[in-house]
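Reviewing the structure listed below.
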Amino acid sequence: MMPGFGNNEGLVFLDPVLACAPATHVMIVGVGSYLSEVVADVTSPPVSARAFADWFLQDENGFCNPAKPLGSVAMALSEAGNGPSTFAGTTVPRATFENVKSALQAWVRRCNSNKDNMMVLFVAAHGESHGRRTAILLEDFGLNDMDATAGMTEIEQLIGALENAIPTSQLLLFDCCRGPTQVNLPWDGPFGTQLLSLARKGDDHGEVRLQWALCSTALGEEAVGRKGKTTLFTECLLAAMKGVAGDPASSDWPVKPGALLDRVAQLLRLHARPEETFQSPAGRAAGTFDITYPGDQPAKAYISLYDRETWPETVISVRDGNATIASWRGAQGEPAFTVVDLEEMHPVTVSAERFGRPLGSKALMPRAPVAFVILGAPAPPLTVQQLPPETISAGVTATHGAAEIEVAVRGGSPQDDSIVLSITKLSAQGADSLRKIVLGTDRPESVSVEPGAYAVEFAFPDGSVVSGDVMASTRNVTTLTASPLTNLSIGSTSQGAYLTRGRAEQYYAETKSMAPETDVEGPAEVRVRYGTLSFAEAMDPDGSFGDQNLSPAPGGFGWPGASRYFHLNPPPALQPTSGHGSRPTWALVGLADHTEIAAFPMLGFESPGELSDWSTELVVAPSAAPGQFSSRPVVSSRQWAGLLGFLASRDFERADEVLNAMMRHGNVIEAIQGKRSNPLAAIAGALVAVGVGRADEFPTLWLENLTNWFPELPDGPVILARRLLMQKSPDLGRVRELLEEGYQRGVPMFSLSCDWLARGLQAVGAADETEISTAARLLVGSIDARQVFTVVRPRRPRRDR
């Protein structure tokens, strides 16, 4: 350890022994004080930055990763007062743009010493959004009257630049608001100044960058700060790091990024007061890795109410048999939850009552690290029954010495290979095994296990997760029936990879993306055309977009009578045929106050008969809430719904499980080999395969064919370029050619392809962005990344003919 640096790199800790060995290198920025009166000072960001640094350096239950021990910590802080701050006896620079730039670049150099390093970046500051882009504001923002964006830097550009750093494990955390910017900027103007610009090196190791970039709140939302305290996001983040997000199925309970995001989201929901909406963290991800190992933890239970308004004067009780072992009374103005430590694997009953009226109860088998108990919910998402084998179904009988768990899923349209079921065996020493199974919704499945206690988790492609504990016995068959928190045909986290006609109104009501129940006029017009969509047209469509005018008219479409949403089903004359089945289809949706352009995923079918498992429609919500898109391309498919759902939410870990199951059934191989029948399905499979780093199982020749057979489809060359970029010592010239070809073909059909195009151009480009890379990055800032198919909201209103 070498404290006491006091240099412009902001180092507060450095272990020189780990200069070239695998290690964790941390960069922390906290901005609470601003030189300009344009931005109000706040206290939470510096406090949050200090708390995060303490977790690495001073906390008793702090950072622990023997495979990648702490190599360095650097900081930049802007707190009240004009002088520099100190941390751990070391002077640290103030968080001005130049100081942060110098410290950040020095941090990247340390990180680049070994590909197996872990990069950790934490930024707490004011943030503003411009369209889909978000910028953080540093201390000297607002001082330059000739440069309105001086002192701010765009998060998305920084994330893309860091993907070209050498380390494969990257955790990037941004704790900031994401409300609309107060700076009057042109739609295509730069949103701040770059802190970093990196290009992929010709001798690159070719391994996938497992990059998780998490924002403390969703686009358009405010982050909650507290005077003199950490932000809520930081409090929840540290609780998750200290063990709440630990994985008991693995030694020393590693915290992985996916579990980290899930647990932080759950903890943030608990902190919302009855009159508040939930603060929803957002992130994009690729792959997984171990962040820290908190080790064995006590069993915690977070107990809350379904109806948060009833919390004041509610009494929460925990009973062991007839004896009350703990009790709390809720109070006005406090978060509607409580936390209790419980004895591992010792059954208790948790209950709630208010003014003598019971609000709900639940039997709980505590297990570490955490259980979330919601009392008073209208219906449990997971039911467990113990029934004799003969009452279940023929063939489900307990073999000698084994127990049977029968699993069924209710709700939504039948799907193949849609739900990832995790079964973890529990014991007095914690959890010691894990099985993952991919299920469909139209068939029960029987799983043979050893007798004992198990934790089960159902992960649905809509982004919801249902979990619980069961006891498997040789005397009975344990039957599990799970319902997703939202209907399987609608999306929450993923914002809907697929919808069914009967569920759209429920979806928009549940996500509160629609106005109150009033008559809402439909789209002013909908125009559909076949062929490519250039980047210029996507950002600035003119009146000649599409010759097929599909404006709503009596008999023109078959949508329900409800006026809150609209289903646009292409008439038979517009169904793809062999004449134009290989051409992209785009729909321009003209709404009252803006225009959107949506990819219509109806490409690649030779005859109408082949549409039976890939039916398409466009759902339009004219009164979508601020920050939400109105247009939603929809695919209803038994085979592909699960993969599309996890792809929309960028949940590559679970998408990989679905991909494995589909490969066993031959779906993906057939789709890629038989691309002429369904190239969009082939693209979905290729996106997941390349995204999880399994591209070696898919010969490059297949991706070459996908590129060559469909010359109007941009996704093919983009995916192939991404695949080649992952090779050791990649041919950057070939990668650049493919990316430029993809750009010339037009806007990709999949939102992830748009992201890869922008990142790829940034990876192989020079320090200064080219016109092509700028256009690609601006497009990414104008699409809905929460949807699987591309939907663009142009910056400029459409010009009439």
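Each chain in the structure tokens gets a letter, A, B, ..., in the order shown, and its residues are numbered from 1; ligands are numbered from 1 in order too.
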What are the closest atom pairs, with distances in Å to one decimal, for each residue of segment 137-189 of chain A lying within 6 Å of segment 100-116 of chain A, using only C-alpha atoms, rows by chain and rising residue number, as JSON lines?
{"residue": "A:Ile166", "atom": "CA", "partner": "A:Asn112", "partner_atom": "CA", "distance": 5.1}
{"residue": "A:Pro167", "atom": "CA", "partner": "A:Lys115", "partner_atom": "CA", "distance": 4.1}
{"residue": "A:Thr168", "atom": "CA", "partner": "A:Lys115", "partner_atom": "CA", "distance": 6.0}
Since we have the selection now, will you write its residues out, keeping all heavy atoms, as a JSON list (two decimals), in the first residue's frame?
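Result written to out_13.json:
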[["chain", "number", "residue", "atom", "x", "y", "z"],
["A", 166, "ILE", "N", -8.62, -2.57, -22.72],
["A", 166, "ILE", "CA", -8.16, -3.96, -22.78],
["A", 166, "ILE", "C", -8.89, -4.89, -21.82],
["A", 166, "ILE", "O", -9.20, -6.03, -22.18],
["A", 166, "ILE", "CB", -6.63, -4.00, -22.56],
["A", 166, "ILE", "CG1", -5.92, -3.37, -23.75],
["A", 166, "ILE", "CG2", -6.14, -5.42, -22.32],
["A", 166, "ILE", "CD1", -4.42, -3.22, -23.58],
["A", 167, "PRO", "N", -9.20, -4.51, -20.57],
["A", 167, "PRO", "CA", -9.83, -5.45, -19.63],
["A", 167, "PRO", "C", -11.17, -5.99, -20.12],
["A", 167, "PRO", "O", -11.96, -5.26, -20.74],
["A", 167, "PRO", "CB", -10.00, -4.62, -18.36],
["A", 167, "PRO", "CG", -8.96, -3.57, -18.45],
["A", 167, "PRO", "CD", -8.87, -3.23, -19.90],
["A", 168, "THR", "N", -11.43, -7.24, -19.80],
["A", 168, "THR", "CA", -12.68, -7.87, -20.23],
["A", 168, "THR", "C", -13.80, -7.70, -19.22],
["A", 168, "THR", "O", -14.96, -7.90, -19.56],
["A", 168, "THR", "CB", -12.45, -9.36, -20.49],
["A", 168, "THR", "OG1", -11.94, -9.97, -19.28],
["A", 168, "THR", "CG2", -11.44, -9.58, -21.61]]
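Every residue of segment 77-144 of chain A found in strand (DSSP E or B) when DSSP is run on the backbone appears here: Leu77, Ser78, Ser85, Thr86, Phe87, Thr90, Thr91, Val92, Met118, Met119, Val120, Leu121, Phe122, Val123, Ala124, His126, Gly127, Glu128, Ser129, His130, Arg133, Thr134, Ala135, Ile136 and Leu137 of chain A.
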Practice item. Work out how far atom CA of Ala265 of chain A is from atom CA of Ala661 of chain A, in Å to one decimal. Key: 28.7 Å
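Of note, atom CA of Gly10 of chain A and atom CA of Ala23 of chain A are spaced 18.2 Å apart.
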So which residues touch Gly206 of chain A within 8 Å, counting only C-alpha atoms, skipping near sequence neighbours fewer than 5 positions away, as a short mmCIF file (atom, residue, chain, number, x, y, z; two decimals) with N, CA and C atoms, in the first residue's frame?
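Result written to part12.cif:
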data_model
loop_
_atom_site.label_atom_id
_atom_site.label_comp_id
_atom_site.auth_asym_id
_atom_site.auth_seq_id
_atom_site.Cartn_x
_atom_site.Cartn_y
_atom_site.Cartn_z
N LEU A 725 -14.37 -8.68 -34.83
CA LEU A 725 -13.72 -7.79 -33.87
C LEU A 725 -13.36 -8.55 -32.59
N MET A 726 -14.03 -9.68 -32.35
CA MET A 726 -13.77 -10.47 -31.15
C MET A 726 -12.64 -11.47 -31.35
N GLN A 727 -12.05 -11.51 -32.54
CA GLN A 727 -10.94 -12.42 -32.78
C GLN A 727 -9.63 -11.83 -32.28
N LYS A 728 -8.70 -12.70 -31.98
CA LYS A 728 -7.38 -12.23 -31.59
C LYS A 728 -6.71 -11.57 -32.77
N SER A 729 -6.10 -10.41 -32.55
CA SER A 729 -5.47 -9.61 -33.61
C SER A 729 -6.43 -9.46 -34.79
N PRO A 730 -7.58 -8.82 -34.59
CA PRO A 730 -8.59 -8.74 -35.65
C PRO A 730 -8.10 -7.95 -36.85
#
Check your understanding: Near Gly531 of chain A, within 7 Å and counting only C-alpha atoms, which residues show up once chain neighbours fewer than 6 positions away are dropped, as a ChimeraX atom specification?
Key -> /A:583-585,712
Exercise for review: Could you please determine the separation between atom CA of Ala80 of chain A and atom CA of Arg226 of chain A in Å, to one decimal place?
Suggested key: 15.7 Å
Pull the closest atom pair for each residue of segment 63-162 of chain A that gets at most 12 Å from segment 241-257 of chain A, along with the distance in Å to one decimal, counting only C-alpha atoms, ordering rows by chain and then ascending residue number, as JSON lines.
{"residue": "A:Phe63", "atom": "CA", "partner": "A:Met241", "partner_atom": "CA", "distance": 8.0}
{"residue": "A:Cys64", "atom": "CA", "partner": "A:Pro254", "partner_atom": "CA", "distance": 9.4}
{"residue": "A:Asn65", "atom": "CA", "partner": "A:Pro254", "partner_atom": "CA", "distance": 8.8}
{"residue": "A:Pro66", "atom": "CA", "partner": "A:Asp252", "partner_atom": "CA", "distance": 10.7}
{"residue": "A:Ala67", "atom": "CA", "partner": "A:Pro254", "partner_atom": "CA", "distance": 11.7}
{"residue": "A:Val120", "atom": "CA", "partner": "A:Pro257", "partner_atom": "CA", "distance": 11.7}
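Ranking A:Ala165, A:Cys177, A:Met365, A:Leu533 by their shortest atom-to-atom distance to Ala587 of chain A, with only C-alpha atoms included, puts A:Leu533 first.
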**Study point:** 6 Å contact set for segment 192-205 of chain A, only C-alpha atoms, chain neighbours under 3 positions out, as a VMD selection string
**Key:** chain A and resid 101 149 152 to 154 161 164 728 to 729 763 to 764 767
